[in-house]
Structure formats: structure tokens, C-alpha cells
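Printed here is coords.cif (mmCIF, C-alpha atoms):
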data_upload
loop_
_atom_site.label_atom_id
_atom_site.label_comp_id
_atom_site.auth_asym_id
_atom_site.auth_seq_id
_atom_site.Cartn_x
_atom_site.Cartn_y
_atom_site.Cartn_z
CA MET H 1 66.32 -128.36 80.54
CA ALA H 2 68.98 -128.09 77.84
CA GLY H 3 69.60 -131.83 78.17
CA ARG H 4 65.93 -132.58 77.77
CA THR H 5 65.62 -130.40 74.65
CA SER H 6 68.68 -132.00 73.15
CA ARG H 7 67.36 -135.52 73.85
CA SER H 8 63.96 -134.90 72.34
CA GLY H 9 65.60 -133.20 69.35
CA ARG H 10 67.80 -136.22 68.91
CA ALA H 11 64.82 -138.58 69.13
CA GLU H 12 63.04 -136.55 66.45
CA GLY H 13 66.17 -136.74 64.31
CA THR H 14 66.31 -140.51 64.72
CA ARG H 15 62.65 -140.80 63.77
CA GLU H 16 63.26 -138.76 60.62
CA THR H 17 66.20 -140.93 59.67
CA ILE H 18 64.07 -144.05 60.08
CA LEU H 19 61.32 -142.49 57.96
CA THR H 20 63.78 -141.63 55.20
CA VAL H 21 65.29 -145.10 55.16
CA ALA H 22 61.84 -146.70 55.32
CA GLU H 23 60.59 -144.65 52.36
CA ARG H 24 63.56 -145.72 50.30
CA MET H 25 63.23 -149.38 51.25
CA PHE H 26 59.54 -149.49 50.49
CA ALA H 27 60.05 -147.53 47.25
CA GLU H 28 62.76 -149.86 46.00
CA HIS H 29 60.73 -152.96 47.04
CA GLY H 30 64.04 -154.57 47.79
CA VAL H 31 63.90 -156.19 51.18
CA PHE H 32 60.22 -156.83 51.68
CA ALA H 33 59.49 -157.94 48.10
CA VAL H 34 62.09 -160.72 48.17
CA SER H 35 60.72 -161.97 51.44
CA ASN H 36 57.21 -161.96 49.94
CA GLU H 37 58.33 -164.02 46.89
CA LEU H 38 59.67 -166.69 49.23
CA ARG H 39 56.48 -166.44 51.24
CA GLN H 40 54.21 -167.37 48.36
CA ALA H 41 55.31 -170.97 47.85
CA MET H 42 54.69 -172.39 51.30
CA PRO H 43 50.92 -172.07 51.94
CA ALA H 44 50.20 -173.92 48.69
CA GLU H 45 52.45 -176.78 49.83
CA THR H 46 50.78 -176.77 53.23
CA GLY H 47 47.37 -177.19 51.59
CA ASP H 48 44.67 -178.07 54.10
CA SER H 49 46.91 -179.12 56.99
CA ALA H 50 45.20 -179.18 60.39
CA ASP H 51 48.56 -178.90 62.15
CA VAL H 52 49.18 -175.46 63.69
CA ARG H 53 52.93 -175.97 63.36
CA ASP H 54 52.70 -176.23 59.55
CA TRP H 55 51.01 -172.82 59.33
CA VAL H 56 53.39 -171.22 61.80
CA ALA H 57 56.24 -172.51 59.61
CA CYS H 58 54.68 -170.61 56.67
CA LEU H 59 55.07 -167.40 58.68
CA VAL H 60 58.60 -168.05 59.97
CA ARG H 61 60.54 -169.87 57.21
CA PRO H 62 60.29 -167.20 54.50
CA ASP H 63 61.97 -164.69 56.81
CA THR H 64 64.67 -167.06 58.07
CA ASP H 65 65.32 -168.39 54.53
CA HIS H 66 65.57 -164.81 53.31
CA LEU H 67 68.06 -163.87 56.03
CA ALA H 68 70.05 -167.06 55.37
CA GLU H 69 70.24 -166.23 51.64
CA LEU H 70 71.30 -162.63 52.21
CA GLY H 71 74.13 -163.67 54.54
CA SER H 72 75.45 -161.61 57.47
CA PRO H 73 75.52 -158.71 58.10
CA THR H 74 71.87 -157.81 57.46
CA TRP H 75 69.85 -155.01 59.03
CA PHE H 76 66.41 -156.08 57.81
CA ALA H 77 65.18 -157.59 61.08
CA ARG H 78 66.63 -154.92 63.35
CA PHE H 79 65.20 -152.26 61.08
CA ALA H 80 61.76 -153.90 61.24
CA THR H 81 61.79 -153.81 65.06
CA GLN H 82 62.47 -150.06 65.00
CA VAL H 83 59.77 -149.45 62.39
CA MET H 84 57.23 -151.34 64.50
CA THR H 85 57.61 -148.94 67.43
CA ASP H 86 56.24 -146.05 65.35
CA PRO H 87 52.45 -146.19 64.84
CA VAL H 88 52.53 -144.63 61.33
CA LEU H 89 55.45 -146.69 60.04
CA ARG H 90 53.91 -149.80 61.58
CA GLU H 91 50.75 -149.32 59.53
CA ILE H 92 52.80 -148.84 56.36
CA MET H 93 54.88 -151.95 57.03
CA ILE H 94 51.85 -154.10 57.81
CA ASP H 95 50.14 -152.88 54.62
CA GLU H 96 53.29 -153.60 52.60
CA THR H 97 53.76 -157.13 53.90
CA PHE H 98 50.11 -158.13 54.28
CA GLY H 99 48.65 -159.70 51.18
CA PRO H 100 46.75 -162.75 49.91
CA THR H 101 49.60 -165.10 50.90
CA ILE H 102 49.63 -164.01 54.53
CA GLN H 103 45.83 -164.10 54.54
CA GLN H 104 45.89 -167.68 53.23
CA THR H 105 48.28 -168.63 56.04
CA LEU H 106 46.21 -166.92 58.72
CA ASP H 107 43.06 -168.61 57.37
CA GLY H 108 44.81 -171.98 57.62
CA LEU H 109 45.91 -171.19 61.17
CA ASN H 110 42.40 -170.05 62.16
CA ARG H 111 40.89 -173.28 60.80
CA CYS H 112 43.14 -175.20 63.22
CA LEU H 113 41.96 -173.08 66.19
CA PRO H 114 38.20 -172.65 65.80
CA ASP H 115 37.51 -172.29 69.53
CA LEU H 116 40.01 -169.55 70.32
CA PRO H 117 38.12 -166.40 71.37
CA LEU H 118 38.74 -163.40 69.08
CA PRO H 119 40.50 -161.17 71.67
CA VAL H 120 42.88 -164.04 72.50
CA ARG H 121 43.45 -164.64 68.78
CA ILE H 122 44.36 -160.98 68.27
CA GLU H 123 46.60 -160.89 71.33
CA ARG H 124 48.43 -164.09 70.40
CA GLY H 125 48.86 -162.87 66.83
CA GLU H 126 50.60 -159.79 68.26
CA MET H 127 52.73 -161.91 70.54
CA ALA H 128 53.72 -164.27 67.72
CA ARG H 129 54.66 -161.33 65.49
CA HIS H 130 56.71 -159.64 68.19
CA LEU H 131 58.48 -162.82 69.21
CA LEU H 132 59.35 -163.64 65.59
CA MET H 133 60.53 -160.14 64.77
CA HIS H 134 62.61 -159.61 67.89
CA MET H 135 64.19 -163.06 67.84
CA LEU H 136 65.17 -162.55 64.17
CA ALA H 137 66.71 -159.21 65.18
CA GLU H 138 68.52 -160.89 68.07
CA ARG H 139 70.16 -163.47 65.84
CA GLU H 140 70.94 -160.87 63.20
CA ARG H 141 72.66 -158.80 65.90
CA ALA H 142 74.50 -161.87 67.20
CA LEU H 143 75.73 -162.78 63.71
CA ALA H 144 76.86 -159.20 63.14
CA GLY H 145 79.37 -159.88 65.88
CA ASN H 146 78.10 -158.26 69.05
CA THR H 147 77.04 -161.35 70.99
CA GLN H 148 77.00 -165.14 70.87
CA ALA H 149 74.48 -166.83 68.58
CA THR H 150 72.61 -169.75 70.14
CA ALA H 151 71.50 -172.00 67.25
CA SER H 152 74.18 -172.67 64.66
CA THR H 153 72.10 -172.15 61.49
CA TRP H 154 69.04 -170.16 60.44
CA PRO H 155 67.01 -173.35 59.74
CA GLU H 156 67.78 -174.67 63.25
CA TYR H 157 66.87 -171.32 64.74
CA ALA H 158 63.65 -171.33 62.71
CA SER H 159 62.74 -174.77 64.06
CA GLY H 160 63.03 -173.57 67.67
CA LEU H 161 61.02 -170.45 66.91
CA ILE H 162 58.29 -172.42 65.14
CA ASP H 163 58.00 -174.76 68.15
CA ALA H 164 57.70 -171.78 70.52
CA ILE H 165 55.14 -169.86 68.43
CA THR H 166 53.12 -173.05 68.01
CA GLY H 167 53.23 -173.34 71.81
CA ILE H 168 51.82 -169.82 72.13
CA TRP H 169 48.90 -170.62 69.78
CA LEU H 170 48.09 -173.93 71.45
CA ALA H 171 48.39 -172.78 75.08
CA PRO H 172 45.22 -173.25 77.17
CA VAL H 173 43.38 -169.98 77.80
CA THR H 174 43.14 -169.12 81.50
CA PRO H 175 40.01 -167.07 82.23
CA SER H 176 41.25 -163.68 83.42
CA THR H 177 39.83 -162.47 86.71
CA SER H 178 41.28 -158.95 86.20
CA HIS H 179 42.17 -158.92 89.89
CA GLY H 180 44.33 -160.93 92.23
CA ARG H 181 47.10 -163.32 91.29
CA SER H 182 46.67 -166.04 88.71
CA MET N 1 78.98 -140.09 52.54
CA ALA N 2 78.00 -137.05 54.58
CA GLY N 3 74.64 -138.71 55.26
CA ARG N 4 76.31 -141.87 56.42
CA THR N 5 78.65 -140.03 58.79
CA SER N 6 75.77 -138.03 60.20
CA ARG N 7 73.68 -141.16 60.78
CA SER N 8 76.44 -143.07 62.55
CA GLY N 9 77.22 -139.99 64.63
CA ARG N 10 73.59 -139.78 65.61
CA ALA N 11 73.51 -143.48 66.55
CA GLU N 12 76.56 -142.97 68.75
CA GLY N 13 74.82 -140.00 70.37
CA THR N 14 71.74 -142.08 71.08
CA ARG N 15 73.88 -144.83 72.62
CA GLU N 16 75.58 -142.29 74.88
CA THR N 17 72.25 -140.89 75.98
CA ILE N 18 71.03 -144.37 76.86
CA LEU N 19 74.24 -145.05 78.80
CA THR N 20 73.83 -141.82 80.78
CA VAL N 21 70.20 -142.54 81.63
CA ALA N 22 71.01 -146.16 82.48
CA GLU N 23 73.80 -145.13 84.84
CA ARG N 24 71.47 -142.77 86.65
CA MET N 25 68.66 -145.32 86.90
CA PHE N 26 70.93 -148.05 88.20
CA ALA N 27 72.62 -145.62 90.62
CA GLU N 28 69.36 -144.38 92.07
CA HIS N 29 68.02 -147.97 92.35
CA GLY N 30 64.63 -146.53 91.62
CA VAL N 31 62.95 -148.55 88.93
CA PHE N 32 64.63 -151.92 89.20
CA ALA N 33 64.68 -152.03 93.01
CA VAL N 34 60.92 -151.56 93.36
CA SER N 35 60.32 -154.28 90.83
CA ASN N 36 62.67 -156.58 92.76
CA GLU N 37 60.82 -155.95 96.08
CA LEU N 38 57.59 -157.06 94.45
CA ARG N 39 59.43 -160.02 92.96
CA GLN N 40 60.51 -161.45 96.32
CA ALA N 41 57.11 -162.44 97.68
CA MET N 42 55.88 -164.73 94.91
CA PRO N 43 58.33 -167.68 94.78
CA ALA N 44 57.78 -168.29 98.52
CA GLU N 45 54.01 -168.44 97.93
CA THR N 46 54.55 -170.75 94.96
CA GLY N 47 56.51 -173.16 97.15
CA ASP N 48 57.09 -176.49 95.45
CA SER N 49 54.49 -176.18 92.70
CA ALA N 50 54.97 -178.55 89.77
CA ASP N 51 52.90 -176.28 87.50
CA VAL N 52 54.99 -174.36 84.94
CA ARG N 53 52.36 -171.62 84.84
CA ASP N 54 52.87 -170.81 88.55
CA TRP N 55 56.60 -170.17 88.01
CA VAL N 56 56.02 -168.17 84.85
CA ALA N 57 53.60 -166.01 86.87
CA CYS N 58 56.48 -165.31 89.31
CA LEU N 59 58.44 -163.84 86.42
CA VAL N 60 55.61 -161.82 84.87
CA ARG N 61 53.41 -160.49 87.72
CA PRO N 62 56.04 -158.42 89.55
CA ASP N 63 56.63 -156.40 86.36
CA THR N 64 52.97 -155.97 85.48
CA ASP N 65 52.05 -155.15 89.11
CA HIS N 66 54.89 -152.63 89.17
CA LEU N 67 53.70 -150.97 85.96
CA ALA N 68 50.10 -150.97 87.21
CA GLU N 69 51.18 -149.28 90.47
CA LEU N 70 53.27 -146.64 88.72
CA GLY N 71 50.40 -145.69 86.41
CA SER N 72 50.77 -144.40 82.84
CA PRO N 73 52.91 -142.93 81.39
CA THR N 74 55.92 -145.08 82.26
CA TRP N 75 59.10 -145.56 80.24
CA PHE N 76 60.53 -148.47 82.23
CA ALA N 77 59.60 -151.24 79.77
CA ARG N 78 60.48 -149.31 76.62
CA PHE N 79 63.76 -148.28 78.20
CA ALA N 80 64.54 -151.92 79.02
CA THR N 81 64.02 -152.98 75.39
CA GLN N 82 66.55 -150.37 74.25
CA VAL N 83 69.05 -151.37 76.94
CA MET N 84 68.81 -155.01 75.87
CA THR N 85 70.03 -154.25 72.34
CA ASP N 86 73.41 -153.13 73.68
CA PRO N 87 75.68 -156.01 74.76
CA VAL N 88 77.37 -154.07 77.61
CA LEU N 89 74.18 -152.53 78.99
CA ARG N 90 72.46 -155.90 78.71
CA GLU N 91 75.07 -157.50 80.96
CA ILE N 92 74.66 -154.70 83.51
CA MET N 93 70.86 -154.99 83.49
CA ILE N 94 70.90 -158.77 83.83
CA ASP N 95 73.38 -158.47 86.74
CA GLU N 96 71.18 -155.81 88.38
CA THR N 97 67.96 -157.80 88.11
CA PHE N 98 69.36 -161.29 88.60
CA GLY N 99 69.47 -162.40 92.21
CA PRO N 100 68.42 -165.20 94.57
CA THR N 101 64.71 -164.56 93.91
CA ILE N 102 65.00 -164.98 90.14
CA GLN N 103 67.25 -168.01 90.74
CA GLN N 104 64.60 -169.55 93.02
CA THR N 105 61.99 -169.04 90.29
CA LEU N 106 64.19 -170.51 87.56
CA ASP N 107 64.98 -173.50 89.81
CA GLY N 108 61.25 -174.04 90.30
CA LEU N 109 60.67 -173.81 86.55
CA ASN N 110 63.54 -176.20 85.82
CA ARG N 111 62.16 -178.77 88.27
CA CYS N 112 58.93 -178.79 86.20
CA LEU N 113 60.85 -179.41 82.96
CA PRO N 114 63.53 -182.00 83.75
CA ASP N 115 63.67 -183.44 80.22
CA LEU N 116 64.18 -180.20 78.30
CA PRO N 117 67.64 -180.25 76.67
CA LEU N 118 69.94 -177.44 77.85
CA PRO N 119 70.24 -175.61 74.50
CA VAL N 120 66.43 -175.57 74.20
CA ARG N 121 66.15 -174.36 77.79
CA ILE N 122 68.54 -171.49 77.07
CA GLU N 123 66.79 -170.59 73.81
CA ARG N 124 63.32 -170.64 75.36
CA GLY N 125 64.55 -168.58 78.31
CA GLU N 126 65.69 -165.96 75.80
CA MET N 127 62.38 -166.13 73.95
CA ALA N 128 60.36 -165.81 77.16
CA ARG N 129 62.43 -162.82 78.26
CA HIS N 130 62.10 -161.08 74.90
CA LEU N 131 58.39 -161.75 74.62
CA LEU N 132 57.76 -160.45 78.14
CA MET N 133 59.88 -157.35 77.71
CA HIS N 134 58.57 -156.38 74.31
CA MET N 135 54.93 -157.01 75.15
CA LEU N 136 55.29 -154.89 78.30
CA ALA N 137 56.81 -152.15 76.14
CA GLU N 138 53.96 -152.52 73.64
CA ARG N 139 51.30 -151.99 76.26
CA GLU N 140 53.24 -149.17 77.89
CA ARG N 141 53.42 -147.49 74.47
CA ALA N 142 49.70 -148.10 73.87
CA LEU N 143 48.76 -146.63 77.26
CA ALA N 144 50.96 -143.61 76.57
CA GLY N 145 48.51 -142.84 73.82
CA ASN N 146 50.07 -143.87 70.55
CA THR N 147 48.02 -146.95 69.78
CA GLN N 148 45.09 -149.02 71.01
CA ALA N 149 45.65 -151.27 74.04
CA THR N 150 44.28 -154.80 73.70
CA ALA N 151 43.61 -156.06 77.24
CA SER N 152 41.85 -153.56 79.48
CA THR N 153 43.99 -153.97 82.63
CA TRP N 154 47.55 -154.97 83.48
CA PRO N 155 46.40 -158.11 85.42
CA GLU N 156 44.38 -159.25 82.37
CA TYR N 157 47.32 -158.55 80.10
CA ALA N 158 49.57 -160.48 82.50
CA SER N 159 47.24 -163.48 82.37
CA GLY N 160 47.46 -163.68 78.56
CA LEU N 161 51.24 -163.29 78.66
CA ILE N 162 51.62 -165.98 81.32
CA ASP N 163 49.52 -168.39 79.20
CA ALA N 164 51.68 -167.69 76.15
CA ILE N 165 55.03 -168.00 77.92
CA THR N 166 53.84 -171.21 79.57
CA GLY N 167 52.99 -172.41 76.04
CA ILE N 168 56.55 -171.67 74.92
CA TRP N 169 58.04 -173.70 77.80
CA LEU N 170 55.70 -176.66 77.32
CA ALA N 171 55.87 -176.85 73.50
CA PRO N 172 57.12 -180.19 72.15
CA VAL N 173 60.70 -180.01 70.86
CA THR N 174 60.98 -180.81 67.16
CA PRO N 175 64.36 -182.35 66.32
CA SER N 176 66.06 -179.85 64.02
CA THR N 177 67.45 -181.28 60.78
CA SER N 178 69.38 -178.04 60.04
CA HIS N 179 68.36 -178.44 56.40
CA GLY N 180 65.09 -178.59 54.54
CA ARG N 181 61.75 -177.29 55.78
CA SER N 182 60.41 -177.59 59.36
#

Produce C-alpha cells that represent the structure in this file.
Amino acid sequence: MAGRTSRSGRAEGTRETILTVAERMFAEHGVFAVSNELRQAMPAETGDSADVRDWVACLVRPDTDHLAELGSPTWFARFATQVMTDPVLREIMIDETFGPTIQQTLDGLNRCLPDLPLPVRIERGEMARHLLMHMLAERERALAGNTQATASTWPEYASGLIDAITGIWLAPVTPSTSHGRS
Amino acid sequence: MAGRTSRSGRAEGTRETILTVAERMFAEHGVFAVSNELRQAMPAETGDSADVRDWVACLVRPDTDHLAELGSPTWFARFATQVMTDPVLREIMIDETFGPTIQQTLDGLNRCLPDLPLPVRIERGEMARHLLMHMLAERERALAGNTQATASTWPEYASGLIDAITGIWLAPVTPSTSHGRS
């Protein structure tokens, strides 16, 4: 029982630390603001493209360009993955990063995929966000020296990620039977 | 400085807790073994299918079936995401879960994708694994009561995930220029 109390106390402590750091980061508008400045240029360039990959690039490149500019070690991506596991912090982070530029990108993406049912659209949006976030954290971790990085540069890594996320959006939708094997 | 010392001490404590729990879980062969038993049946059924989606289902369904059988709350998926951020624990978990059944599935998948260059194959394997793991953790977290679950059942959720991961594997490969935009 002592072990259990100590573990849950430690978890609470970790959560408080994350909250404190998050408050400071949001207050200083350091990390997220820079990423948002980079984010603004791309949708305008993309214009009225009907190519899903162009819009996915608008979501991926600002983050990878930002991480490339900062240089290793960064903690931005790993921090974001921790924030996203907490329902309150997640709301704050989504509010902070969501704005007219992201909306413009999502509108462009939606125009390319008019037939995708809404629940699938929501689910794939979640999957794209998680894949992006966790793969950025993976490379950040690799560059920080713990493991081997796969792609040699952030732009190359971005290209592979954009291909994959485009693949998620364009995948055929299998009607779910909710029972039995697919 | 005191804050910094306290934070890094706390991180070390968390890592030790994870190591202790991991040791116990691997030793007892509880969680991973059950998942592996479920995993063995599918590749045999899939036989010599040339459909990527069939092989992806062999990777996804054993985990979702396992989580469905256990019933909420589970910690298996969330625990796995934490383990995967530590290079040593990651090696142990991959060794524990990797066996002839997974190999048979990956061989089947590879036969469907003979033209995919090796670095892309490795990168997409990583992406598929991360997407699967983190989306399982997301739903586990949602079912545990913190947030809203999207799909109503594990088999439905599995179907959406299998579509998306199949999309990642089948996405066209854009030659990376390593400079400039997408």
C-alpha cells in the first residue's frame, strides 16, 4: 500500500510540474508563437490546391522547420506529447495553437475530401495529429542522443511524414461491422 | 537550481517506477503473453493474402481484441507508450513481443510491398507502430473516463485504425529533396 501511495503521489507531482512548465510556456508565448508565425505563410501559398498532400504539408512543415531552426536538443515535441495526455492541458494547448491559419488549412483539406463521413474525418484528424506529434517527439529524442535517427534531416523526415499522413486521409473507408474480423 | 534538481530527481524516480513495474509485468508474462496467444491465430488464417489490409489487421486485432476482453479500465496500452520512450525498456519490450508470429505477419506485409525502399519500409514500420500504440492508449484513456471516446466499440475502432495504417503503407513515396518545401 505504501508503494501505491508513493506512486500516485509521484504521478501527481509530475502532473503539477507539467502544469507549471506549461503555464510558463504559454505565458511567455515562446515555443508555440514561433511555430504559429511559420505556420501562417504556407496556406496562402497553397491557395486553392486540390491535392491533399499540399494541405498536409501546411500542417507538418511549420513544426519541422521550427525544430530544424531551433537545433538539437529541443523538448518542444516531447513536452507536447505529455501535455496531450492530460484532458485540461490538452484543451489549453489546442486553444493556443488553433487559429485562423489552422482553420484555413483544415478547410483546404476538407475541400479535397468532400465524401469523407464526419466521424471518419474526426478520427483521422486525431490519428494525423497523434502521428505527427509522436513522430516529432521520436526524432527529437533520437537527436538528443538516446537512439538512432532514421532520416538524416528534418525536411527529409517531414517528407516521409507528409506522405504517411496523406495516406491516412486518402485511405478507403471500410464499413465497420462492429463484430467479427475485418 | 533547486527546482531543476528536484525535477530531474523526480524524472529519475518515475523512470525507476516504470522499470520496476515493467520487470514485474515481463516476469509474470501476464499482459504480453495473452496478447501473443491471440496474435498466433491470425497469420495462419490470412495465409498468402496479397492484400496489405489483411496483414495490418493481423497486427492490430490481437491488441484490440485483448483490450476488449480485459474490459475497462486497462493500463496496458498507456504503459506501453511510456515504456517505448526509454531506449532500454523499448529493446526489452520489442524482444518480448517479437517472435515467429510477428515475423510471419511482417513477411506477409513485405510480400505485398516488394518495391518499397528499405529506409521507407523501416520508417513506415515505426510510424505504424507508434500510431497503433498511441491510438490504443488514447482510447484506453477515454474509456477510463477522462475524455470522450470516438468509436463505440473496440472492433469499430480497430477497423478505422487498420484503414489508416494500410493507408500509410500504400502511400506513394515522394522523393525527398532534403531542402525546400515538400

- Task: For each of H:Ala164, H:Ile102, H:Met84, H:Leu170, take the minimum atom-to-atom distance to N:Glu138, counting only C-alpha atoms, then give the residue where this is smallest.
- Result: H:Met84

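Counting from atom CA of N:Gly125, the distance to atom CA of H:Asp86 is 27.3 Å.
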
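Nearest to N:Glu126 of all the residues N:Ala144, N:Ile92, N:Ile165, N:Cys112 is N:Ile165, counting all atoms listed in the file.
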
- What residues come out when you apply the PyMOL selection byres ((chain H) within 6 of (chain N)) to this file, written as JSON, numbers by chain? {"H": [131, 155, 156, 159, 164, 167, 168, 171, 176, 178]}

- Task: Up to 8 Å from (75.7, -162.4, 61.3) in the file's coordinates: name the residues, counting only C-alpha atoms, as a PyMOL selection string.
- Result: chain H and resi 71-74+139-145

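We find atom CA of N:Gly99 and atom CA of N:Gln40 to be spaced 9.9 Å apart.
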
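Counting from atom CA of N:Ala41, the distance to atom CA of N:Leu89 is 27.2 Å.
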
- Message: Which residues would end up in the selection if the PyMOL selection byres ((chain N and resi 46) around 9) were applied here, given that I need the answer as number ranges by chain?
- Response: N: 42-45, 47-49, 54-55, 58, 105, 108

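All residues of protein, DNA or RNA that reach within 10 Å of N:Leu113, judged by only C-alpha atoms and not counting those fewer than 6 positions away in the chain, are Ala50, Asp51, Val52, Asp107, Arg121, Trp169 and Leu170 of chain N.
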